[in-house]
Amino acid sequence: MNEKYFPTEIEERQQQRWAEAKVFEADVDESRPHFYCLEMLPYPSGRIHMGHVRNYSIGDALAAYKRMTGFNVLRPMGWDAFGMPAENAAIKNNARPDTWTFENIDTMRAQLQRVGFSYDWRREIASCTPEYYRWNQWFFVQMWKAGLLYRKNATVNWCVKCNTSLANEQAEGGFCWRHEDVPVELRQLEQWFIRVTNYADQLLDDLDTLEGGWPERVLTMQRNWIGRSQGAEVDFAIDAEISYGIRGHIRVFTTRIDTIYGANAIIIAPEHELIEQLLADGHASAELTTFVEQQKAITPQDRIAEGREKEGVFTGLHAINPFNQEKLPVWTANFVLTGYGTGAIMAVPAHDERDFEFAKKYLLPIHRVIIPIDFPGDVTLPPEQAFTDKNETCVLVNSNEWSVLKVADAQTAMTAHAEQNGFGSGKTNFKIRDWGVSRQRAWGTPLPFIHCPACGIVPVPEDQLPVELPKDLNFNTQGAPLAEHAGFVNVNCPTCGGAARRDTDTMDTFVDSSWYYFRYVDPKNTELPFDPKVAAYWTPVDQYIGGIEHAVLHLIYTRLWTKIMRDLGLVEFDEPVKNLLTQGMVCLATARCEEHDWLNPTEVLDGKCKFCGRTATIGRTEKMSKSKKNTIDPDEMINAFGSDTVRLFMLFAAPPEKDLEWDDSAVEGASRYLNRVWRIVYKWHTQIAECGMRNADSEGSAAARSLRRKTHQTIQRISNDIGQRMNFNTGVAALMELTNAIYDFDKKIDEANANDVFALQEAMEALVKMLAPFVPHIAEELWAALGHNEFVVVASWPVYDAELAKADELEIPVQINGKMSGRVIVAAEIDDEALQQAVFNDEKIKAKIAERQIVKTIVVPKRLVNIVVR
RNA sequence: GCCGGGGUGGCGGAAUUGGUAGACGCAACGGACUUAAAAUCCGUUGGAGCUACGCUCCGUGCGGGUUCGAUUCCCGCCCUCGGCACCA
């Protein structure tokens with residue numbers, strides 16, 4: 001053992017030893033409990049960043065702890081390797097996206113290996129290889145056969161920068177998910193869609209089964225995104241006599257059928273087909289024509305922008321309320337959207353805020369039909385504001401035979417009534433839409449379909465998969481490179497043999513990441529995406545760790561994919577991830593200069609910009625990002641301090657789910673701590689290694705007993721901190737305390753007393769083992785120095801002895817009227833009565849109570865005594 | 001507006017079931033060692049006060065409440081972060 005700690009040297013050596021001994025390789029083993037520890041796979045952008053290091057350090061700590069406590073741990077890594085940046089790089093450098101991607105993968109793999117993460121690299125996958133994307137295609141063929149995949153001409157989100165269509169999830173808030181400053185355009189396009197709506201109910205309901213295992217906010221975000229609303233569709237017949245002879249009906253969607261007697265108008269979206277008809281037939285007023293034109297000119301995100309004034313126009317039509325035959329005017333308005341429900345609503349101003357606002361503006365009547373049961377006022381008068389309560393205490397009024405019913409009961413009864421009379425039915429609407437998976441890009445999985453003039457859409461036969469991407473694509477084109485590649489496009493129909501066209505869309509890259517972790521369990525399978533039997537052993541994932549940014553993207557797609565795989569018979573469960581940890585971001589303060597914009601910390605000298613000497617303003621702490629120049633390069637840190645120090649800092653500085661602010665001094669502190677551990681082990685390692693494994697034959701000195709107590713208390717604490725709570729920061733703190741206790745003991749140890757030396761050995765060995773999940777390299781080195789041949793990273797976790805952890809004396813706080821008033825020291829095994837006695841015998845307490853009258857005494861066994869006095 | 005997280009020293013954070021608030025670390029200050037520096041080691045460090053080597057009072061965003069006892073539970077606010085939002 002070297003006297004000094006040289007991190008880089010030992011890290012390299014230990015990584016090599018682990019690789020040679022294949023210690024992190026795991027295979028199916030029915031004799032042991034298994035644990036699947038997964039982190040979100042990176043996009044091979046070029047270099048790993050601190051966020052990756054944090055993410056994988058958390059996973060590494062948990063995986064190591066599980067290994068040491070007897071689990072067969074699956075811990076794979078791979079590459080989400082399709083996507084835009086590779087294509088952009090190809091255009092820019094006139095190179096091939098695969099070259100760029102694989103070079104990046106090589107760089108980043110080497111970086112990860114240098115951090116020493118405990119991956120089973122045999123299982124590595126890259127989604128851009130035909131061996132992988134072949135199964136994307138296989139899934140699409142299965143989904144096509146099952147009717148879960150379809151083509152339709154639809155209005156889709158289009159990003160001009162990506163030059164492709166996007167899914168709704170990728171266009172949240174009207175902006176591209178990759179280009180936050182690029183508003184999406186809407187285009188009409190023939191597209192492939194996955195029938196998410198078939199699974200909407202399950203996607204929502206199964207979230208309940210994830211309570212406890214998933215963060216509440218992720219569940220909330222998904223519930224919001226799926227957005228189920230239960231209600232009814234009701235048909236309002238058009239009164240042809242006063243509606244230019246137009247016949248038919250307007251179907252509205254409502255969640256408040258109980259308020260239908262309060263309806264005073266029907267409002268339809270400006271895009272509604274009736275409007276089209278009025279315009280076509282020349283029945284539209286000038287006012288209506290202008291309004292509709294105006295609305296269509298406004299982009300959807302503007303039309304629904306916050307605080308936008310409600311505007312509408314009467315259409316000239318009338319419809320009949322099927323419940324009371326009342327004739328209602330039909331309006332069109334900007335706040336009724338064509339994409340939700342039926343694109344038509346019944347306006348009930350008395351009980352809906354938007355309708356109320358609209359009715360006030362256009363002087364429509366307002367009829368109260370719901371009241372709280374103890375309503376004191378005149379029910380014939382309209383409310384001053386919309387009354388939207390619908391709880392148990394609300395009842396119907398002014399609603400003929402339905403009056404007096406509670407809201408919920410009325411909804412059931414009135415929906416049934418509508419159904420029986422054929423003018424309505426119960427209906428559930430979702431905000432979530434079918435997943436538009438077509439992309440007009442070339443660095444993605446080709447869709448395995450052929451368009452035949454005679455046979456229609458024909459899937460590529462499974463034995464002809466994969467449909468490989470051509471290697472000689474021209475990326476310097478305005479169009480889609482695949483569509484311009486004649487050799488790719490022109491094929492013969494697999495069914496009739498006639499000339500046909502290959503589909504030229506590629507799949508959304510979120511398809512790749514929807515099932516990648518199932519491929520890890522059986523990455524070389526050539527018959528199926530994975531062997532269901534092997535998957536049954538490893539999956540579902542026990543712990544998934546990644547960033548919050550995927551709360552409604554990847555995490556909803558992968559839940560969907562699991563349900564589809566279940567229905568295909570590949571897996572037998574509903575949810576793929578039992579526990580989810582969303583780790584916080586790695587942040588750093590930003591700095592700016594008027595002249596040079598963002599500055600990195602080394603460009604700020606004494607508060608001034610290095611380049612121009614202007615005052616540099618230190619901005620707020622923000623997520624590390626290249627554009628803000630507030631990044632720290634992991635490689636540089638590892639060169640300076642070693643991987644162990646970087647990991648220790650990240651695990652210690654904050655709990656995993658919180659944001660972590662990079663702090664150079666705290667990194668040095670972590671390094672200092674490891675040196676401190678090294679020094680004390682160095683001091684004793686020869687003596688401990690030489691005496692081998694022993695057991696204490698009798699009690700050692702009081703100091704030795706105290707150290708053993710601390711050792712076992714620490715084992716208990718840290719097992720809970722890592723295993724149950726995943727609070728690595730407090731786990732590290734506990735190890736620091738134990739280290740401090742070892743230093744204290746070092747001053748008092750009686751070297752001649754074998755029991756004292758044993759206490760030290762026990763403490764040091766436990767410490768080194770418990771350090772292994774956080775700082776595996778130094779732990780491995782110290783473990784060897786202490787005389788062990790096996791690897792510490794797979795050694796058995798130390799066993800906690802409750803007897804030894806027990807204190808033999810307790811310091812019991814004493815309160816008088818709940819205020820801290822002193823402490824008494826008593827034997828650990830004391831009963832309540834003796835404890836109380838000891839408190840009353842204490843001179844200080846006696847003096848404080850003095851003449852006062854004791855009302856009662858509360859004794860919390862072995863914890864606290866509180867004396868209530870008057 | 002609705003939903004969900006937070007608010008504790010100079011800083012990061014701890015307090016696991018209502019029971020000693022501030023573990024552990026960073027920074028700072030004082031001291032030891034050293035020719036010196038680095039490294040290391042020891043000590044102090046929430047605030048105020050005092051008859052000062054011990055003790056008193058205050059203190060977990062604010063105001064109330066429950067309790068022998070509240071950072072923890074309840075009610076009402078404030079601030080903050082994140083998500084959703086003319087969704088019928």
# chains A, B, ... in the order shown; residues from 1 in each chain; ligands from 1
>>> closest_atom_pairs(of="chain A", to="chain B", cutoff="8 Å", atoms="only C-alpha atoms (C1' of nucleotides)", output="JSON lines")
{"residue": "A:Glu216", "atom": "CA", "partner": "B:G4", "partner_atom": "C1'", "distance": 6.8}
{"residue": "A:Arg217", "atom": "CA", "partner": "B:G4", "partner_atom": "C1'", "distance": 5.2}
{"residue": "A:Thr220", "atom": "CA", "partner": "B:G4", "partner_atom": "C1'", "distance": 6.7}
{"residue": "A:Met221", "atom": "CA", "partner": "B:G83", "partner_atom": "C1'", "distance": 5.9}
{"residue": "A:Asn224", "atom": "CA", "partner": "B:C84", "partner_atom": "C1'", "distance": 6.1}
{"residue": "A:Trp225", "atom": "CA", "partner": "B:C84", "partner_atom": "C1'", "distance": 7.8}
{"residue": "A:Phe253", "atom": "CA", "partner": "B:A88", "partner_atom": "C1'", "distance": 6.6}
{"residue": "A:Thr254", "atom": "CA", "partner": "B:A88", "partner_atom": "C1'", "distance": 5.6}
{"residue": "A:Thr255", "atom": "CA", "partner": "B:A88", "partner_atom": "C1'", "distance": 7.0}
{"residue": "A:Ile304", "atom": "CA", "partner": "B:C86", "partner_atom": "C1'", "distance": 6.5}
{"residue": "A:Phe335", "atom": "CA", "partner": "B:C86", "partner_atom": "C1'", "distance": 5.2}
{"residue": "A:Val336", "atom": "CA", "partner": "B:C86", "partner_atom": "C1'", "distance": 7.6}
{"residue": "A:Tyr340", "atom": "CA", "partner": "B:C87", "partner_atom": "C1'", "distance": 6.5}
{"residue": "A:Gly341", "atom": "CA", "partner": "B:A88", "partner_atom": "C1'", "distance": 7.7}
{"residue": "A:Ile345", "atom": "CA", "partner": "B:A88", "partner_atom": "C1'", "distance": 5.8}
{"residue": "A:Met346", "atom": "CA", "partner": "B:A88", "partner_atom": "C1'", "distance": 7.8}
{"residue": "A:Arg354", "atom": "CA", "partner": "B:C86", "partner_atom": "C1'", "distance": 6.6}
{"residue": "A:Lys431", "atom": "CA", "partner": "B:C87", "partner_atom": "C1'", "distance": 7.1}
{"residue": "A:Ala653", "atom": "CA", "partner": "B:G12", "partner_atom": "C1'", "distance": 5.9}
{"residue": "A:Ala654", "atom": "CA", "partner": "B:G13", "partner_atom": "C1'", "distance": 6.7}
{"residue": "A:Ser665", "atom": "CA", "partner": "B:C26", "partner_atom": "C1'", "distance": 6.5}
{"residue": "A:Ala666", "atom": "CA", "partner": "B:C26", "partner_atom": "C1'", "distance": 5.5}
{"residue": "A:Gly669", "atom": "CA", "partner": "B:C26", "partner_atom": "C1'", "distance": 7.3}
{"residue": "A:Thr730", "atom": "CA", "partner": "B:C24", "partner_atom": "C1'", "distance": 7.4}
{"residue": "A:Val732", "atom": "CA", "partner": "B:C24", "partner_atom": "C1'", "distance": 7.9}
{"residue": "A:Ala733", "atom": "CA", "partner": "B:C24", "partner_atom": "C1'", "distance": 4.4}
{"residue": "A:Ala734", "atom": "CA", "partner": "B:C24", "partner_atom": "C1'", "distance": 7.2}
{"residue": "A:Met736", "atom": "CA", "partner": "B:C24", "partner_atom": "C1'", "distance": 6.9}
{"residue": "A:Glu737", "atom": "CA", "partner": "B:C24", "partner_atom": "C1'", "distance": 7.2}
{"residue": "A:Pro813", "atom": "CA", "partner": "B:U20", "partner_atom": "C1'", "distance": 5.7}
{"residue": "A:Asn817", "atom": "CA", "partner": "B:C68", "partner_atom": "C1'", "distance": 6.3}
{"residue": "A:Gly818", "atom": "CA", "partner": "B:G69", "partner_atom": "C1'", "distance": 4.8}
{"residue": "A:Met820", "atom": "CA", "partner": "B:U20", "partner_atom": "C1'", "distance": 7.4}
{"residue": "A:Lys856", "atom": "CA", "partner": "B:C68", "partner_atom": "C1'", "distance": 8.0}
{"residue": "A:Thr857", "atom": "CA", "partner": "B:C68", "partner_atom": "C1'", "distance": 7.8}
{"residue": "A:Ile858", "atom": "CA", "partner": "B:C68", "partner_atom": "C1'", "distance": 6.7}
{"residue": "A:Val860", "atom": "CA", "partner": "B:G19", "partner_atom": "C1'", "distance": 7.5}
{"residue": "A:Arg863", "atom": "CA", "partner": "B:G19", "partner_atom": "C1'", "distance": 7.2}
{"residue": "A:Leu864", "atom": "CA", "partner": "B:G19", "partner_atom": "C1'", "distance": 6.4}
{"residue": "A:Asn866", "atom": "CA", "partner": "B:C68", "partner_atom": "C1'", "distance": 6.6}
{"residue": "A:Ile867", "atom": "CA", "partner": "B:C68", "partner_atom": "C1'", "distance": 7.4}
{"residue": "A:Val868", "atom": "CA", "partner": "B:C68", "partner_atom": "C1'", "distance": 6.0}
>>> residues_around(residues="G31 of chain B", least_positions_apart="6", cutoff="12 Å", atoms="only C-alpha atoms (C1' of nucleotides)", output="PDB file with N, CA, C and O atoms (P, O5', C5', C4', C3', O3' and C1' of nucleotides), in the first residue's frame")
ATOM      1  P     C B  41      -6.595  16.025   9.851  1.00  0.00           P
ATOM      2  O5'   C B  41      -6.133  16.410  11.314  1.00  0.00           O
ATOM      3  C5'   C B  41      -5.465  15.457  12.132  1.00  0.00           C
ATOM      4  C4'   C B  41      -4.931  16.139  13.351  1.00  0.00           C
ATOM      5  C3'   C B  41      -5.953  16.937  14.146  1.00  0.00           C
ATOM      6  O3'   C B  41      -6.729  16.103  14.982  1.00  0.00           O
ATOM      7  C1'   C B  41      -4.016  18.241  13.867  1.00  0.00           C
ATOM      8  P     C B  42      -8.240  16.475  15.290  1.00  0.00           P
ATOM      9  O5'   C B  42      -8.070  17.627  16.375  1.00  0.00           O
ATOM     10  C5'   C B  42      -7.501  17.348  17.651  1.00  0.00           C
ATOM     11  C4'   C B  42      -7.385  18.631  18.425  1.00  0.00           C
ATOM     12  C3'   C B  42      -8.649  19.467  18.507  1.00  0.00           C
ATOM     13  O3'   C B  42      -9.567  18.978  19.462  1.00  0.00           O
ATOM     14  C1'   C B  42      -6.831  20.868  17.986  1.00  0.00           C
ATOM     15  P     G B  43     -11.140  19.163  19.221  1.00  0.00           P
ATOM     16  O5'   G B  43     -11.320  20.732  19.447  1.00  0.00           O
ATOM     17  C5'   G B  43     -11.193  21.291  20.750  1.00  0.00           C
ATOM     18  C4'   G B  43     -11.190  22.788  20.664  1.00  0.00           C
ATOM     19  C3'   G B  43     -12.463  23.438  20.163  1.00  0.00           C
ATOM     20  O3'   G B  43     -13.464  23.459  21.147  1.00  0.00           O
ATOM     21  C1'   G B  43     -10.598  24.504  19.183  1.00  0.00           C
ATOM     22  P     U B  44     -15.006  23.413  20.724  1.00  0.00           P
ATOM     23  O5'   U B  44     -15.260  24.895  20.205  1.00  0.00           O
ATOM     24  C5'   U B  44     -15.127  25.998  21.102  1.00  0.00           C
ATOM     25  C4'   U B  44     -15.352  27.286  20.358  1.00  0.00           C
ATOM     26  C3'   U B  44     -16.609  27.335  19.507  1.00  0.00           C
ATOM     27  O3'   U B  44     -17.766  27.619  20.284  1.00  0.00           O
ATOM     28  C1'   U B  44     -14.789  28.170  18.251  1.00  0.00           C
TER      29        U B  44
END
>>> atom_distance(atom1="atom CA of Val460 of chain A", atom2="atom CA of Phe140 of chain A")
10.2 Å
>>> residues_around(residues="segment 372-376 of chain A", least_positions_apart="5", cutoff="8 Å", atoms="only C-alpha atoms (C1' of nucleotides)", output="short mmCIF file (atom, residue, chain, number, x, y, z; two decimals) with C-alpha atoms, in the first residue's frame")
data_model
loop_
_atom_site.label_atom_id
_atom_site.label_comp_id
_atom_site.auth_asym_id
_atom_site.auth_seq_id
_atom_site.Cartn_x
_atom_site.Cartn_y
_atom_site.Cartn_z
CA THR A 393 -74.76 19.61 -1.16
CA CYS A 394 -75.73 20.89 -4.61
CA VAL A 395 -79.12 20.11 -6.10
#
>>> select_by_dssp(residues="segment 308-456 of chain A", states="alpha helix (DSSP H)", output="list in words")
Glu353, Arg354, Asp355, Phe356, Glu357, Phe358, Ala359, Lys360, Lys361, Tyr362, Val407, Ala408, Asp409, Ala410, Gln411, Thr412, Ala413, Met414, Thr415, Ala416, His417, Ala418, Glu419 and Gln420 of chain A
>>> write_last_selection(atoms="N, CA and C atoms", output="PDB file, in the first residue's frame")
ATOM      1  N   GLU A 353     -67.792  29.398 -15.881  1.00  0.00           N
ATOM      2  CA  GLU A 353     -67.201  30.726 -15.889  1.00  0.00           C
ATOM      3  C   GLU A 353     -67.017  31.303 -17.289  1.00  0.00           C
ATOM      4  N   ARG A 354     -66.589  30.450 -18.221  1.00  0.00           N
ATOM      5  CA  ARG A 354     -66.387  30.964 -19.569  1.00  0.00           C
ATOM      6  C   ARG A 354     -67.711  31.356 -20.201  1.00  0.00           C
ATOM      7  N   ASP A 355     -68.721  30.491 -20.011  1.00  0.00           N
ATOM      8  CA  ASP A 355     -70.032  30.774 -20.581  1.00  0.00           C
ATOM      9  C   ASP A 355     -70.635  32.026 -19.948  1.00  0.00           C
ATOM     10  N   PHE A 356     -70.372  32.209 -18.646  1.00  0.00           N
ATOM     11  CA  PHE A 356     -70.892  33.370 -17.929  1.00  0.00           C
ATOM     12  C   PHE A 356     -70.327  34.644 -18.541  1.00  0.00           C
ATOM     13  N   GLU A 357     -68.992  34.615 -18.714  1.00  0.00           N
ATOM     14  CA  GLU A 357     -68.317  35.768 -19.290  1.00  0.00           C
ATOM     15  C   GLU A 357     -68.886  36.083 -20.688  1.00  0.00           C
ATOM     16  N   PHE A 358     -69.078  35.037 -21.463  1.00  0.00           N
ATOM     17  CA  PHE A 358     -69.580  35.181 -22.825  1.00  0.00           C
ATOM     18  C   PHE A 358     -71.007  35.738 -22.831  1.00  0.00           C
ATOM     19  N   ALA A 359     -71.826  35.208 -21.918  1.00  0.00           N
ATOM     20  CA  ALA A 359     -73.230  35.634 -21.858  1.00  0.00           C
ATOM     21  C   ALA A 359     -73.340  37.088 -21.440  1.00  0.00           C
ATOM     22  N   LYS A 360     -72.466  37.504 -20.488  1.00  0.00           N
ATOM     23  CA  LYS A 360     -72.482  38.895 -20.041  1.00  0.00           C
ATOM     24  C   LYS A 360     -72.142  39.827 -21.206  1.00  0.00           C
ATOM     25  N   LYS A 361     -71.124  39.427 -21.966  1.00  0.00           N
ATOM     26  CA  LYS A 361     -70.669  40.284 -23.050  1.00  0.00           C
ATOM     27  C   LYS A 361     -71.725  40.425 -24.147  1.00  0.00           C
ATOM     28  N   TYR A 362     -72.385  39.314 -24.472  1.00  0.00           N
ATOM     29  CA  TYR A 362     -73.330  39.346 -25.590  1.00  0.00           C
ATOM     30  C   TYR A 362     -74.783  39.371 -25.139  1.00  0.00           C
ATOM     31  N   VAL A 407     -76.463  16.611  -7.867  1.00  0.00           N
ATOM     32  CA  VAL A 407     -75.764  16.732  -9.147  1.00  0.00           C
ATOM     33  C   VAL A 407     -75.357  15.368  -9.710  1.00  0.00           C
ATOM     34  N   ALA A 408     -74.674  14.577  -8.870  1.00  0.00           N
ATOM     35  CA  ALA A 408     -74.154  13.296  -9.361  1.00  0.00           C
ATOM     36  C   ALA A 408     -75.294  12.382  -9.803  1.00  0.00           C
ATOM     37  N   ASP A 409     -76.365  12.357  -9.003  1.00  0.00           N
ATOM     38  CA  ASP A 409     -77.516  11.502  -9.337  1.00  0.00           C
ATOM     39  C   ASP A 409     -78.179  11.980 -10.627  1.00  0.00           C
ATOM     40  N   ALA A 410     -78.288  13.286 -10.753  1.00  0.00           N
ATOM     41  CA  ALA A 410     -78.906  13.856 -11.946  1.00  0.00           C
ATOM     42  C   ALA A 410     -78.103  13.509 -13.186  1.00  0.00           C
ATOM     43  N   GLN A 411     -76.777  13.538 -13.068  1.00  0.00           N
ATOM     44  CA  GLN A 411     -75.944  13.231 -14.235  1.00  0.00           C
ATOM     45  C   GLN A 411     -76.215  11.813 -14.721  1.00  0.00           C
ATOM     46  N   THR A 412     -76.262  10.870 -13.761  1.00  0.00           N
ATOM     47  CA  THR A 412     -76.524   9.478 -14.129  1.00  0.00           C
ATOM     48  C   THR A 412     -77.900   9.336 -14.770  1.00  0.00           C
ATOM     49  N   ALA A 413     -78.899   9.907 -14.105  1.00  0.00           N
ATOM     50  CA  ALA A 413     -80.273   9.742 -14.565  1.00  0.00           C
ATOM     51  C   ALA A 413     -80.507  10.434 -15.910  1.00  0.00           C
ATOM     52  N   MET A 414     -79.949  11.611 -16.069  1.00  0.00           N
ATOM     53  CA  MET A 414     -80.209  12.368 -17.289  1.00  0.00           C
ATOM     54  C   MET A 414     -79.472  11.765 -18.481  1.00  0.00           C
ATOM     55  N   THR A 415     -78.263  11.197 -18.213  1.00  0.00           N
ATOM     56  CA  THR A 415     -77.543  10.518 -19.289  1.00  0.00           C
ATOM     57  C   THR A 415     -78.342   9.299 -19.750  1.00  0.00           C
ATOM     58  N   ALA A 416     -78.889   8.572 -18.766  1.00  0.00           N
ATOM     59  CA  ALA A 416     -79.690   7.386 -19.097  1.00  0.00           C
ATOM     60  C   ALA A 416     -80.922   7.792 -19.909  1.00  0.00           C
ATOM     61  N   HIS A 417     -81.529   8.903 -19.503  1.00  0.00           N
ATOM     62  CA  HIS A 417     -82.705   9.412 -20.199  1.00  0.00           C
ATOM     63  C   HIS A 417     -82.378   9.742 -21.661  1.00  0.00           C
ATOM     64  N   ALA A 418     -81.230  10.393 -21.849  1.00  0.00           N
ATOM     65  CA  ALA A 418     -80.809  10.761 -23.207  1.00  0.00           C
ATOM     66  C   ALA A 418     -80.574   9.502 -24.043  1.00  0.00           C
ATOM     67  N   GLU A 419     -79.966   8.502 -23.411  1.00  0.00           N
ATOM     68  CA  GLU A 419     -79.697   7.255 -24.135  1.00  0.00           C
ATOM     69  C   GLU A 419     -80.998   6.566 -24.546  1.00  0.00           C
ATOM     70  N   GLN A 420     -81.950   6.465 -23.592  1.00  0.00           N
ATOM     71  CA  GLN A 420     -83.218   5.799 -23.877  1.00  0.00           C
ATOM     72  C   GLN A 420     -83.981   6.474 -25.002  1.00  0.00           C
TER      73      GLN A 420
END
>>> select_by_dssp(residues="segment 169-207 of chain A", states="strand (DSSP E)", output="compact mmCIF listing (two decimals) with N, CA and C atoms, in the first residue's frame")
# COMPACT_ATOMS: atom_id res chain seq x y z
N GLU A 185 -45.47 24.89 -36.52
CA GLU A 185 -46.49 25.20 -37.52
C GLU A 185 -47.43 24.02 -37.61
N LEU A 186 -48.60 24.26 -38.17
CA LEU A 186 -49.52 23.16 -38.39
C LEU A 186 -49.53 22.82 -39.88
N ARG A 187 -49.40 21.53 -40.17
CA ARG A 187 -49.44 21.11 -41.57
C ARG A 187 -50.37 19.92 -41.74
N GLN A 188 -50.97 19.87 -42.91
CA GLN A 188 -51.79 18.72 -43.26
C GLN A 188 -50.88 17.66 -43.84
N LEU A 189 -50.92 16.47 -43.30
CA LEU A 189 -49.96 15.46 -43.74
C LEU A 189 -50.53 14.08 -43.50
N GLU A 190 -50.19 13.19 -44.39
CA GLU A 190 -50.53 11.78 -44.20
C GLU A 190 -49.47 11.19 -43.27
N GLN A 191 -49.90 10.64 -42.16
CA GLN A 191 -48.97 10.25 -41.10
C GLN A 191 -49.32 8.90 -40.49
N TRP A 192 -48.31 8.30 -39.87
CA TRP A 192 -48.55 7.08 -39.09
C TRP A 192 -48.88 7.45 -37.65
N PHE A 193 -49.86 6.75 -37.10
CA PHE A 193 -50.26 7.00 -35.72
C PHE A 193 -50.37 5.69 -34.94
N ILE A 194 -49.97 5.74 -33.68
CA ILE A 194 -50.20 4.61 -32.77
C ILE A 194 -51.42 4.95 -31.93
>>> residues_around(residues="Tyr743 of chain A", least_positions_apart="3", cutoff="12 Å", atoms="only C-alpha atoms (C1' of nucleotides)", output="ChimeraX atom specification")
/A:676-681,683-684,703,707,736-740,746-749,760,763-764 /B:41
>>> residues_around(residues="segment 54-66 of chain B", least_positions_apart="4", cutoff="9 Å", atoms="only C-alpha atoms (C1' of nucleotides)", output="PyMOL selection string")
chain B and resi 7-8+21+46-50+71+73-79
>>> residues_around(residues="Leu204 of chain A", least_positions_apart="5", cutoff="9 Å", atoms="only C-alpha atoms (C1' of nucleotides)", output="count of residues only")
6
>>> residues_around(residues="segment 588-595 of chain A", least_positions_apart="6", cutoff="10 Å", atoms="only C-alpha atoms (C1' of nucleotides)", output="VMD selection string")
chain A and resid 601 603 to 604 607 to 625 628 to 632 660 to 663
>>> atom_distance(atom1="atom CA of Phe430 of chain A", atom2="atom CA of Ile564 of chain A")
18.9 Å
